[in-house]
>>> print(open('query_32.txt').read())   # compact mmCIF, C-alpha atoms
# COMPACT_ATOMS: atom_id res chain seq x y z
CA MET P 17 46.67 19.65 161.67
CA ALA P 18 44.10 22.37 162.26
CA LYS P 19 43.96 25.24 159.79
CA ILE P 20 42.23 28.61 159.61
CA VAL P 21 41.09 28.79 155.98
CA ALA P 22 38.89 31.87 155.79
CA SER P 23 37.47 34.87 157.61
CA VAL P 24 33.97 36.23 157.84
CA ASN P 25 33.58 39.84 158.84
CA CYS P 26 30.26 41.50 159.57
CA SER P 27 28.42 43.99 161.72
CA HIS P 28 26.55 42.70 164.78
CA VAL P 29 23.81 45.33 165.21
CA PRO P 30 21.34 44.17 167.92
CA ALA P 31 18.35 45.37 165.88
CA ILE P 32 19.32 42.84 163.17
CA GLY P 33 18.90 40.05 165.73
CA ALA P 34 15.58 41.50 166.85
CA ALA P 35 14.40 41.81 163.21
CA TRP P 36 15.25 38.13 162.65
CA ASP P 37 13.68 36.96 165.92
CA LEU P 38 10.46 38.88 165.18
CA GLY P 39 10.19 37.59 161.60
CA LYS P 40 10.79 40.96 159.93
CA THR P 41 13.44 39.81 157.43
CA GLU P 42 11.20 40.43 154.40
CA GLN P 43 10.14 43.92 155.47
CA PRO P 44 11.42 46.59 153.04
CA TYR P 45 13.66 48.12 155.71
CA TRP P 46 15.36 44.83 156.65
CA GLN P 47 15.26 42.91 153.37
CA PRO P 48 18.42 44.62 151.98
CA VAL P 49 20.30 43.77 155.19
CA PHE P 50 19.57 40.04 155.04
CA LYS P 51 19.96 39.85 151.24
CA GLY P 52 23.66 40.61 151.71
CA PHE P 53 24.07 37.22 153.40
CA ASP P 54 22.34 34.97 150.83
CA TYR P 55 25.67 34.12 149.20
CA SER P 56 27.37 33.76 152.60
CA LYS P 57 24.92 31.22 153.97
CA LYS P 58 25.51 28.96 150.99
CA TRP P 59 29.27 29.52 151.11
CA ILE P 60 29.57 28.49 154.75
CA ALA P 61 27.17 25.55 154.33
CA ASP P 62 29.49 24.25 151.59
CA LEU P 63 32.64 24.98 153.58
CA LYS P 64 31.41 23.14 156.72
CA PRO P 65 33.85 24.52 159.29
CA ASP P 66 34.46 22.37 162.37
CA VAL P 67 35.17 25.39 164.53
CA VAL P 68 34.50 29.12 164.36
CA ILE P 69 36.69 31.48 166.38
CA LEU P 70 34.35 34.42 166.88
CA VAL P 71 35.92 37.80 167.66
CA TYR P 72 33.32 40.18 169.08
CA ASN P 73 32.74 42.56 171.92
CA ASP P 74 30.55 42.23 174.94
CA HIS P 75 28.16 45.16 175.46
CA ALA P 76 27.89 45.33 179.26
CA SER P 77 26.30 41.88 179.36
CA ALA P 78 28.90 39.39 180.64
CA PHE P 79 31.31 42.09 181.76
CA SER P 80 30.17 45.12 183.74
CA LEU P 81 32.64 47.69 185.05
CA GLU P 82 33.71 45.21 187.74
CA VAL P 83 36.17 43.51 185.39
CA ILE P 84 37.31 44.89 182.02
CA PRO P 85 39.46 42.35 180.17
CA THR P 86 41.09 43.61 176.98
CA PHE P 87 41.08 40.15 175.36
CA ALA P 88 38.94 37.37 176.87
CA LEU P 89 39.04 33.90 175.32
CA GLY P 90 36.16 31.55 176.04
CA THR P 91 37.65 28.23 177.12
CA GLY P 92 34.39 26.79 178.50
CA ALA P 93 32.24 24.00 177.11
CA GLU P 94 29.13 26.11 176.56
CA PHE P 95 27.98 29.71 176.54
CA LYS P 96 24.34 30.69 176.94
CA PRO P 97 22.70 33.59 175.10
CA ALA P 98 22.65 36.58 177.48
CA ASP P 99 19.57 38.29 178.82
CA GLU P 100 20.37 41.85 177.76
CA GLY P 101 17.39 43.31 179.57
CA TRP P 102 14.60 42.06 177.33
CA GLY P 103 15.11 38.28 177.72
CA PRO P 104 17.70 36.07 175.98
CA ARG P 105 17.50 35.75 172.18
CA PRO P 106 15.72 32.54 171.14
CA VAL P 107 18.87 31.01 169.66
CA PRO P 108 20.74 27.80 170.51
CA THR P 109 23.32 27.59 173.27
CA VAL P 110 26.82 28.04 171.87
CA HIS P 111 29.09 25.02 172.30
CA GLY P 112 32.77 25.83 172.67
CA HIS P 113 35.83 23.75 171.90
CA PRO P 114 37.62 23.74 175.26
CA LYS P 115 40.49 21.60 174.02
CA LEU P 116 41.40 23.82 171.07
CA ALA P 117 40.70 26.96 173.13
CA SER P 118 43.06 25.80 175.89
CA HIS P 119 45.70 25.04 173.28
CA ILE P 120 45.30 28.54 171.80
CA ALA P 121 45.58 30.05 175.29
CA GLN P 122 48.75 28.09 176.04
CA SER P 123 50.29 29.09 172.72
CA VAL P 124 49.41 32.79 172.44
CA ILE P 125 50.20 33.60 176.08
CA LEU P 126 53.69 32.19 175.60
CA ASP P 127 53.70 34.25 172.39
CA GLU P 128 53.32 37.30 174.73
CA PHE P 129 49.60 37.98 174.31
CA ASP P 130 48.27 38.00 177.86
CA LEU P 131 44.72 36.77 177.41
CA THR P 132 42.07 36.54 180.10
CA LEU P 133 40.52 33.06 180.08
CA VAL P 134 36.81 32.68 180.74
CA ASN P 135 35.10 29.40 181.49
CA LYS P 136 31.73 30.85 182.38
CA MET P 137 30.06 33.72 180.58
CA ASP P 138 26.90 34.48 178.66
CA VAL P 139 27.25 35.74 175.10
CA ASP P 140 25.27 38.72 173.85
CA HIS P 141 24.17 39.99 170.43
CA GLY P 142 27.78 40.74 169.51
CA LEU P 143 28.31 36.99 169.17
CA THR P 144 24.85 35.65 168.33
CA VAL P 145 23.86 38.10 165.55
CA PRO P 146 26.75 37.06 163.24
CA LEU P 147 25.83 33.38 163.83
CA THR P 148 22.23 34.13 162.86
CA LEU P 149 23.31 36.02 159.73
CA MET P 150 25.54 33.14 158.59
CA PHE P 151 23.58 30.09 159.75
CA GLY P 152 19.95 31.23 160.03
CA GLN P 153 17.93 29.50 162.71
CA PRO P 154 19.07 25.89 163.17
CA GLU P 155 18.12 23.67 166.12
CA ALA P 156 21.77 23.72 167.10
CA TRP P 157 24.69 25.72 165.71
CA PRO P 158 26.42 23.52 163.10
CA CYS P 159 29.93 23.92 164.53
CA LYS P 160 31.83 24.63 167.71
CA VAL P 161 32.37 28.30 168.51
CA ILE P 162 35.27 29.74 170.51
CA PRO P 163 34.40 33.27 171.69
CA LEU P 164 37.11 35.92 171.80
CA ALA P 165 35.76 39.07 173.44
CA VAL P 166 37.68 42.30 172.84
CA ASN P 167 37.15 45.39 174.99
CA VAL P 168 36.06 48.24 172.72
CA VAL P 169 33.61 49.76 175.23
CA GLN P 170 35.97 51.49 177.63
CA TYR P 171 38.73 53.42 175.90
CA PRO P 172 41.43 52.81 175.07
CA PRO P 173 40.74 49.56 173.27
CA PRO P 174 43.70 47.54 172.00
CA THR P 175 45.32 49.12 168.95
CA GLY P 176 44.62 47.84 165.45
CA ASN P 177 48.20 46.67 165.25
CA ARG P 178 47.91 44.70 168.48
CA CYS P 179 44.75 43.06 167.16
CA TYR P 180 46.42 42.23 163.84
CA ASN P 181 49.38 40.62 165.60
CA LEU P 182 47.12 38.68 167.96
CA GLY P 183 45.43 37.28 164.84
CA LYS P 184 48.83 36.10 163.61
CA ALA P 185 49.55 34.47 166.97
CA ILE P 186 46.19 32.69 166.82
CA ARG P 187 47.06 31.41 163.34
CA ARG P 188 50.37 29.98 164.63
CA ALA P 189 48.54 28.39 167.56
CA VAL P 190 45.86 26.75 165.42
CA GLU P 191 48.42 25.42 162.94
CA ALA P 192 50.27 23.71 165.80
CA TYR P 193 47.15 21.83 166.89
CA PRO P 194 47.51 18.16 165.88
CA GLU P 195 43.90 17.28 165.08
CA ASP P 196 42.58 17.92 161.55
CA LEU P 197 40.10 20.74 161.98
CA ARG P 198 38.79 23.28 159.50
CA VAL P 199 38.57 26.64 161.26
CA VAL P 200 36.96 29.90 160.15
CA ILE P 201 37.55 33.12 162.09
CA PHE P 202 34.86 35.81 162.39
CA GLY P 203 35.69 39.49 162.96
CA THR P 204 32.55 41.37 163.91
CA GLY P 205 31.21 44.84 164.74
CA GLY P 206 31.39 48.11 162.84
CA MET P 207 31.29 49.65 160.44
CA SER P 208 30.96 53.43 160.96
CA HIS P 209 28.48 54.34 163.68
CA GLN P 210 28.10 56.64 166.65
CA LEU P 211 25.44 55.96 169.27
CA GLN P 212 26.00 58.90 171.59
CA GLY P 213 26.22 62.68 171.79
CA LYS P 214 25.10 65.35 169.35
CA ARG P 215 27.16 63.72 166.58
CA ALA P 216 25.18 60.45 166.82
CA GLY P 217 24.22 58.99 163.46
CA LEU P 218 27.60 59.56 161.84
CA ILE P 219 28.27 57.36 158.80
CA ASN P 220 31.37 57.46 156.59
CA LYS P 221 30.79 55.34 153.52
CA GLU P 222 33.99 56.36 151.76
CA TRP P 223 36.19 55.52 154.76
CA ASP P 224 34.43 52.20 155.37
CA ASN P 225 34.91 51.07 151.78
CA ASN P 226 38.53 52.11 151.81
CA PHE P 227 38.97 50.04 154.97
CA LEU P 228 37.46 47.01 153.19
CA ASP P 229 39.95 47.49 150.34
CA LEU P 230 42.90 47.80 152.73
CA LEU P 231 41.83 44.83 154.79
CA THR P 232 41.83 42.66 151.70
CA HIS P 233 44.92 43.93 149.89
CA ASP P 234 47.10 45.81 152.37
CA PRO P 235 46.30 44.68 155.93
CA GLY P 236 49.63 45.89 157.27
CA LYS P 237 48.57 49.41 156.33
CA ALA P 238 45.10 48.94 157.83
CA ALA P 239 46.77 47.79 161.07
CA LYS P 240 48.58 51.14 161.32
CA ILE P 241 45.40 53.24 161.36
CA PRO P 242 45.56 55.15 164.65
CA PHE P 243 42.80 54.98 167.26
CA ILE P 244 41.97 58.69 166.84
CA GLU P 245 41.26 58.22 163.13
CA TYR P 246 38.63 55.56 163.79
CA VAL P 247 36.88 57.81 166.27
CA ARG P 248 37.02 60.98 164.22
CA GLU P 249 36.19 59.42 160.85
CA THR P 250 33.85 56.57 161.79
CA GLY P 251 32.21 57.59 165.07
CA SER P 252 32.77 56.64 168.68
CA GLU P 253 31.55 53.07 168.06
CA GLY P 254 33.35 52.63 164.72
CA ILE P 255 36.37 51.53 166.76
CA GLU P 256 34.81 48.05 166.76
CA MET P 257 36.49 47.61 163.37
CA VAL P 258 39.80 46.81 165.10
CA MET P 259 38.26 43.38 165.65
CA TRP P 260 38.30 42.81 161.89
CA LEU P 261 42.09 43.08 162.13
CA VAL P 262 42.26 40.07 164.48
CA SER P 263 40.51 37.96 161.86
CA ARG P 264 42.66 39.38 159.07
CA GLY P 265 45.88 38.66 160.95
CA ALA P 266 44.80 35.03 161.27
CA LEU P 267 44.85 34.64 157.47
CA GLU P 268 47.74 34.51 155.03
CA ASP P 269 49.05 37.75 153.53
CA LYS P 270 47.44 36.93 150.18
CA VAL P 271 43.72 36.27 150.20
CA ARG P 272 40.80 36.01 147.78
CA GLU P 273 37.85 38.30 148.37
CA LYS P 274 34.89 35.96 148.02
CA HIS P 275 32.12 38.34 148.94
CA ARG P 276 31.59 41.96 149.92
CA TYR P 277 28.44 43.80 150.93
CA TYR P 278 27.77 47.28 152.29
CA HIS P 279 24.45 48.81 153.22
CA VAL P 280 23.25 51.89 155.11
CA PRO P 281 21.35 51.92 157.41
CA ALA P 282 20.89 49.07 159.84
CA SER P 283 19.33 51.06 162.66
CA ASN P 284 22.16 53.53 163.56
CA THR P 285 24.90 51.68 161.71
CA ALA P 286 26.60 51.09 158.37
CA LEU P 287 26.42 47.34 157.75
CA GLY P 288 29.60 45.87 156.28
CA HIS P 289 30.30 42.29 155.33
CA LEU P 290 33.43 40.71 153.86
CA ILE P 291 34.45 37.09 153.28
CA LEU P 292 38.11 36.34 152.63
CA GLU P 293 39.76 33.00 151.84
CA ASN P 294 43.45 32.16 152.03
CA GLU P 295 44.93 32.12 148.55
CA SER P 296 46.46 28.68 149.26
CA PHE P 297 43.07 27.22 150.22
CA LYS P 298 41.67 25.05 147.47
CA GLY P 299 38.20 24.61 148.93
CA MET O 8 50.29 81.45 175.00
CA ALA O 9 46.70 80.40 175.71
CA ASP O 10 45.85 80.70 172.02
CA LYS O 11 48.52 78.12 171.26
CA ALA O 12 47.27 75.63 173.88
CA VAL O 13 47.66 72.02 172.81
CA VAL O 14 44.31 70.51 171.92
CA ASP O 15 43.74 66.91 173.03
CA PRO O 16 42.57 65.32 169.77
CA PHE O 17 40.24 63.00 171.67
CA GLU O 18 38.50 65.98 173.24
CA ASP O 19 38.32 67.84 169.91
CA ILE O 20 35.66 65.70 168.27
CA PRO O 21 32.43 67.67 168.38
CA GLY O 22 29.34 66.19 170.01
CA THR O 23 31.33 63.19 171.22
CA THR O 24 32.19 62.12 174.77
CA LEU O 25 34.72 59.31 174.84
CA PHE O 26 34.25 56.75 177.60
CA ASN O 27 37.79 56.44 178.88
CA ALA O 28 39.19 55.20 182.19
CA GLU O 29 38.70 58.61 183.83
CA ARG O 30 35.03 58.89 182.78
CA SER O 31 34.57 55.28 183.81
CA ARG O 32 35.80 56.22 187.30
CA VAL O 33 33.41 59.18 187.47
CA GLY O 34 30.48 57.17 186.11
CA TYR O 35 31.10 53.93 187.98
CA HIS O 36 28.04 53.98 190.24
CA LEU O 37 25.78 55.42 187.53
CA ASN O 38 26.75 52.59 185.18
CA MET O 39 26.57 49.91 187.85
CA PHE O 40 23.06 51.14 188.77
CA CYS O 41 22.12 50.63 185.10
CA MET O 42 23.70 47.18 185.16
CA SER O 43 21.52 46.21 188.12
CA LEU O 44 18.49 46.59 185.84
CA MET O 45 19.53 43.42 184.02
CA LYS O 46 17.54 41.62 186.75
CA LYS O 47 13.75 41.64 186.57
CA ALA O 48 13.27 42.00 190.34
CA ASN O 49 15.49 45.10 190.33
CA ARG O 50 13.60 46.60 187.40
CA GLU O 51 10.37 46.22 189.33
CA GLU O 52 11.84 47.72 192.47
CA PHE O 53 13.22 50.65 190.47
CA LYS O 54 9.92 51.32 188.72
CA ALA O 55 8.01 51.21 192.02
CA ASN O 56 10.08 54.05 193.49
CA GLU O 57 12.86 55.41 191.31
CA ASP O 58 14.27 57.90 193.76
CA LEU O 59 14.40 55.39 196.61
CA TYR O 60 16.08 52.77 194.41
CA LEU O 61 18.64 55.29 193.18
CA ARG O 62 19.62 56.12 196.78
CA LYS O 63 21.18 52.67 197.00
CA TRP O 64 23.89 53.79 194.60
CA PRO O 65 26.39 56.39 195.80
CA MET O 66 26.19 58.52 192.67
CA THR O 67 26.27 62.31 192.61
CA ASP O 68 23.11 64.41 192.90
CA GLU O 69 23.68 65.56 189.33
CA GLN O 70 23.85 62.00 188.06
CA ARG O 71 20.72 61.01 190.02
CA GLU O 72 18.83 64.01 188.66
CA ALA O 73 19.87 63.20 185.07
CA VAL O 74 18.54 59.64 185.54
CA LEU O 75 15.22 60.85 186.97
CA LYS O 76 14.83 63.33 184.08
CA ARG O 77 16.03 60.74 181.56
CA ASP O 78 18.44 63.32 180.21
CA TRP O 79 20.49 60.87 178.15
CA GLY O 80 23.01 63.40 176.83
CA ARG O 81 23.67 64.63 180.37
CA MET O 82 24.15 61.06 181.64
CA ILE O 83 26.80 60.54 178.97
CA GLN O 84 28.56 63.76 180.01
CA LEU O 85 28.51 62.61 183.65
CA GLY O 86 30.32 59.36 182.94
CA GLY O 87 27.51 57.18 181.65
CA ASN O 88 28.22 54.77 178.81
CA VAL O 89 25.58 54.08 176.20
CA TYR O 90 25.76 50.27 176.56
CA PHE O 91 25.10 50.59 180.29
CA LEU O 92 22.42 53.24 179.73
CA SER O 93 20.76 50.76 177.36
CA LYS O 94 19.70 48.74 180.43
CA LEU O 95 17.83 51.82 181.66
CA PHE O 96 16.21 52.73 178.36
CA SER O 97 15.27 49.10 177.73
CA THR O 98 13.54 49.15 181.12
CA ASP O 99 11.66 52.19 179.78
CA GLY O 100 10.84 50.33 176.54
CA LEU O 101 12.92 52.74 174.43
CA SER O 102 15.26 51.86 171.55
CA PHE O 103 18.86 52.81 170.79
CA GLN O 104 17.52 54.87 167.91
CA PHE O 105 15.11 56.82 170.13
CA VAL O 106 17.87 57.60 172.62
CA ALA O 107 20.48 58.45 169.97
CA ALA O 108 17.95 60.80 168.35
CA SER O 109 17.16 62.46 171.68
CA MET O 110 20.86 63.17 172.26
CA THR O 111 21.10 64.96 168.92
CA GLY O 112 18.06 67.12 169.62
CA MET O 113 16.16 65.57 166.69
CA THR O 114 12.90 63.68 166.84
CA GLN O 115 13.20 59.96 166.22
CA GLU O 116 11.42 60.45 162.88
CA GLN O 117 13.89 63.13 161.74
CA TYR O 118 16.81 61.00 162.90
CA ALA O 119 15.53 57.85 161.19
CA GLU O 120 15.05 59.87 157.99
CA MET O 121 18.65 61.11 158.21
CA MET O 122 19.85 57.50 158.59
CA LEU O 123 17.80 56.40 155.57
CA HIS O 124 19.58 59.08 153.57
CA GLY O 125 23.03 57.79 154.47
CA GLY O 126 23.45 59.16 157.99
CA ARG O 127 25.27 62.21 159.30
CA LYS O 128 28.13 63.23 157.01
CA VAL O 129 31.63 63.38 158.41
CA ASP O 130 32.47 66.62 156.59
CA GLY O 131 32.01 69.50 158.98
CA ASN O 132 31.89 67.12 161.97
CA ARG O 133 35.54 66.31 162.58
CA SER O 134 36.67 69.09 164.91
CA ASN O 135 35.13 71.42 167.47
CA SER O 136 36.41 74.31 165.36
CA GLU O 137 33.94 73.32 162.64
CA TRP O 138 31.01 73.56 165.05
CA VAL O 139 31.84 77.06 166.28
CA LYS O 140 29.44 79.25 164.38
>>> encode(input="query_32.txt", output="structure tokens")
Amino acid sequence: MAKIVASVNCSHVPAIGAAWDLGKTEQPYWQPVFKGFDYSKKWIADLKPDVVILVYNDHASAFSLEVIPTFALGTGAEFKPADEGWGPRPVPTVHGHPKLASHIAQSVILDEFDLTLVNKMDVDHGLTVPLTLMFGQPEAWPCKVIPLAVNVVQYPPPTGNRCYNLGKAIRRAVEAYPEDLRVVIFGTGGMSHQLQGKRAGLINKEWDNNFLDLLTHDPGKAAKIPFIEYVRETGSEGIEMVMWLVSRGALEDKVREKHRYYHVPASNTALGHLILENESFKG
Amino acid sequence: MADKAVVDPFEDIPGTTLFNAERSRVGYHLNMFCMSLMKKANREEFKANEDLYLRKWPMTDEQREAVLKRDWGRMIQLGGNVYFLSKLFSTDGLSFQFVAASMTGMTQEQYAEMMLHGGRKVDGNRSNSEWVK
């Protein structure tokens, strides 16, 4: 059967993608950002997942204000990098896993999570920057990727608790899939940042690190953090962290923290990165 | 009982305008104008005559004026969302950091320096009451 064995959580700052694409990874400003993923690249190369379920948010690229889906699962065969106004990133086309994605849709909708299903959409930096950070610049991405876009642009976004429970439903769905597949789930975005208003530039290192602790050891408590707390303590865009609860819900209650990294700044943002493995997973 | 009025916690965060369904309604045409700039031909048409291009979108005079003046903070207050506005400032060749800095009243250099030193602290920035001097 298929099995989600680990989660990768990381920020998806667009400037990180631009720094990579323009060959700036060794510049003093960017070097500490990319250094945080040295371990991770080796870890995932050894793990060789067949499929990544990538939880991210679209930033007015595939979805304008015409349609605002709270949870949108990519069931298509391929997803092209979006032109976000300065040309698409020079990264490979993302290949989905329509069969597993359709199975997940069937399972979680009957589990009362009313997903929107998307067969055609472009994917923006929210999805491609984490792939770059974990896999570098291959000719083709080394695994299938199922996008799961979460609305965190127009408030209210789904609650942390809803995201956590959706993660659990995704775990049940994947474990009921008959084919042997090794699956890793990515939760992306965050950590503290605010891109608008006179309070722009807000960073809350203490809160972010406490969130990383809770996510690892007490996810049920992390899931109860109210929407207002994210906004007040971590900035108007810090709410992206609810997506890390989807990935956490998809793991077992007990996990091993394999890697953690935190760095300020990446442009306007606190960069956070966390890799968790199921305790039962023997590698 | 005005002094005991209930404060909406979402409206009590200083220097922060939350893009909710109501602001999305108010800012719909402003944001959809920005979205149109995802296409190169539209960017060129906009640059050739901004005012004329903006007339295609039934936004308010205030919104149109804020766009023409590139008053980013005002656009946010009038229902703009920063991810949609990014299509406009990318057309102008400006970065998120430039625009974020301009909304705070700092220069980009001052803002970048603040970020290098760990960003804006949360203490003193949680409630409007802390900003009343």
>>> interface_residues(input="query_32.txt", of="chain O", to="chain P", cutoff="8 Å", atoms="only C-alpha atoms", output="PyMOL selection string")
chain O and resi 16-17+20-28+31+35+38-39+42+44-46+80+83+89-91+94+97-98+103-104+107-108+110-112+118-119+121-123+125-129+132-133
>>> write_last_selection(input="query_32.txt", atoms="C-alpha atoms", output="PDB file, in the frame of the given file")
ATOM      1  CA  PRO O  16      42.570  65.320 169.770  1.00  0.00           C
ATOM      2  CA  PHE O  17      40.240  63.000 171.670  1.00  0.00           C
ATOM      3  CA  ILE O  20      35.660  65.700 168.270  1.00  0.00           C
ATOM      4  CA  PRO O  21      32.430  67.670 168.380  1.00  0.00           C
ATOM      5  CA  GLY O  22      29.340  66.190 170.010  1.00  0.00           C
ATOM      6  CA  THR O  23      31.330  63.190 171.220  1.00  0.00           C
ATOM      7  CA  THR O  24      32.190  62.120 174.770  1.00  0.00           C
ATOM      8  CA  LEU O  25      34.720  59.310 174.840  1.00  0.00           C
ATOM      9  CA  PHE O  26      34.250  56.750 177.600  1.00  0.00           C
ATOM     10  CA  ASN O  27      37.790  56.440 178.880  1.00  0.00           C
ATOM     11  CA  ALA O  28      39.190  55.200 182.190  1.00  0.00           C
ATOM     12  CA  SER O  31      34.570  55.280 183.810  1.00  0.00           C
ATOM     13  CA  TYR O  35      31.100  53.930 187.980  1.00  0.00           C
ATOM     14  CA  ASN O  38      26.750  52.590 185.180  1.00  0.00           C
ATOM     15  CA  MET O  39      26.570  49.910 187.850  1.00  0.00           C
ATOM     16  CA  MET O  42      23.700  47.180 185.160  1.00  0.00           C
ATOM     17  CA  LEU O  44      18.490  46.590 185.840  1.00  0.00           C
ATOM     18  CA  MET O  45      19.530  43.420 184.020  1.00  0.00           C
ATOM     19  CA  LYS O  46      17.540  41.620 186.750  1.00  0.00           C
ATOM     20  CA  GLY O  80      23.010  63.400 176.830  1.00  0.00           C
ATOM     21  CA  ILE O  83      26.800  60.540 178.970  1.00  0.00           C
ATOM     22  CA  VAL O  89      25.580  54.080 176.200  1.00  0.00           C
ATOM     23  CA  TYR O  90      25.760  50.270 176.560  1.00  0.00           C
ATOM     24  CA  PHE O  91      25.100  50.590 180.290  1.00  0.00           C
ATOM     25  CA  LYS O  94      19.700  48.740 180.430  1.00  0.00           C
ATOM     26  CA  SER O  97      15.270  49.100 177.730  1.00  0.00           C
ATOM     27  CA  THR O  98      13.540  49.150 181.120  1.00  0.00           C
ATOM     28  CA  PHE O 103      18.860  52.810 170.790  1.00  0.00           C
ATOM     29  CA  GLN O 104      17.520  54.870 167.910  1.00  0.00           C
ATOM     30  CA  ALA O 107      20.480  58.450 169.970  1.00  0.00           C
ATOM     31  CA  ALA O 108      17.950  60.800 168.350  1.00  0.00           C
ATOM     32  CA  MET O 110      20.860  63.170 172.260  1.00  0.00           C
ATOM     33  CA  THR O 111      21.100  64.960 168.920  1.00  0.00           C
ATOM     34  CA  GLY O 112      18.060  67.120 169.620  1.00  0.00           C
ATOM     35  CA  TYR O 118      16.810  61.000 162.900  1.00  0.00           C
ATOM     36  CA  ALA O 119      15.530  57.850 161.190  1.00  0.00           C
ATOM     37  CA  MET O 121      18.650  61.110 158.210  1.00  0.00           C
ATOM     38  CA  MET O 122      19.850  57.500 158.590  1.00  0.00           C
ATOM     39  CA  LEU O 123      17.800  56.400 155.570  1.00  0.00           C
ATOM     40  CA  GLY O 125      23.030  57.790 154.470  1.00  0.00           C
ATOM     41  CA  GLY O 126      23.450  59.160 157.990  1.00  0.00           C
ATOM     42  CA  ARG O 127      25.270  62.210 159.300  1.00  0.00           C
ATOM     43  CA  LYS O 128      28.130  63.230 157.010  1.00  0.00           C
ATOM     44  CA  VAL O 129      31.630  63.380 158.410  1.00  0.00           C
ATOM     45  CA  ASN O 132      31.890  67.120 161.970  1.00  0.00           C
ATOM     46  CA  ARG O 133      35.540  66.310 162.580  1.00  0.00           C
TER      47      ARG O 133
END
>>> residues_around(input="query_32.txt", residues="range 32-36 of chain P", least_positions_apart="6", cutoff="9 Å", atoms="only C-alpha atoms", output="PDB file with C-alpha atoms, in the frame of the given file")
ATOM      1  CA  TRP P  46      15.360  44.830 156.650  1.00  0.00           C
ATOM      2  CA  VAL P  49      20.300  43.770 155.190  1.00  0.00           C
ATOM      3  CA  PHE P  50      19.570  40.040 155.040  1.00  0.00           C
ATOM      4  CA  ARG P 105      17.500  35.750 172.180  1.00  0.00           C
ATOM      5  CA  HIS P 141      24.170  39.990 170.430  1.00  0.00           C
ATOM      6  CA  THR P 144      24.850  35.650 168.330  1.00  0.00           C
ATOM      7  CA  VAL P 145      23.860  38.100 165.550  1.00  0.00           C
ATOM      8  CA  PRO P 146      26.750  37.060 163.240  1.00  0.00           C
ATOM      9  CA  THR P 148      22.230  34.130 162.860  1.00  0.00           C
ATOM     10  CA  LEU P 149      23.310  36.020 159.730  1.00  0.00           C
ATOM     11  CA  GLY P 152      19.950  31.230 160.030  1.00  0.00           C
ATOM     12  CA  ALA P 282      20.890  49.070 159.840  1.00  0.00           C
ATOM     13  CA  SER P 283      19.330  51.060 162.660  1.00  0.00           C
TER      14      SER P 283
END
>>> atom_distance(input="query_32.txt", atom1="CA of Ala22 in chain P", atom2="CA of Gly205 in chain P")
17.5 Å
>>> axis_aligned_box(input="query_32.txt", around="range 130-134 of chain P", padding_each_side="3 Å", output="JSON")
{"center_x": 42.5, "center_y": 35.3, "center_z": 179.1, "size_x": 17.5, "size_y": 11.3, "size_z": 9.3}
>>> closest_residue(input="query_32.txt", among="O:Glu57, O:Arg30, O:Ser102, O:Asp19", to="Asn88 in chain O", atoms="only C-alpha atoms")
O:Arg30
>>> residues_around(input="query_32.txt", residues="Glu295 in chain P", least_positions_apart="4", cutoff="6 Å", atoms="all atoms listed in the file", output="PyMOL selection string")
chain P and resi 270-272
>>> write_last_selection(input="query_32.txt", atoms="C-alpha atoms", output="tab-separated table (two decimals), in the coordinates of the input")
chain	number	residue	atom	x	y	z
P	270	LYS	CA	47.44	36.93	150.18
P	271	VAL	CA	43.72	36.27	150.20
P	272	ARG	CA	40.80	36.01	147.78
>>> closest_residue(input="query_32.txt", among="P:Leu116, P:Ile60, P:Leu231, P:Met259", to="Val161 in chain P", atoms="only C-alpha atoms")
P:Leu116
>>> atom_distance(input="query_32.txt", atom1="CA of Ser123 in chain P", atom2="CA of Ala189 in chain P")
5.5 Å
>>> closest_residue(input="query_32.txt", among="O:Asn56, O:Ser134, O:Gln70, O:Thr114", to="Gly87 in chain O", atoms="all atoms listed in the file")
O:Gln70
>>> atom_distance(input="query_32.txt", atom1="CA of Val68 in chain P", atom2="CA of Gly254 in chain P")
23.5 Å
>>> closest_residue(input="query_32.txt", among="P:Met137, P:Val200, P:Ala156, P:Leu182", to="Trp59 in chain P", atoms="only C-alpha atoms")
P:Val200
>>> closest_residue(input="query_32.txt", among="O:Ala73, O:Leu59, O:Met82, O:Val106", to="Val33 in chain O", atoms="all atoms listed in the file")
O:Met82
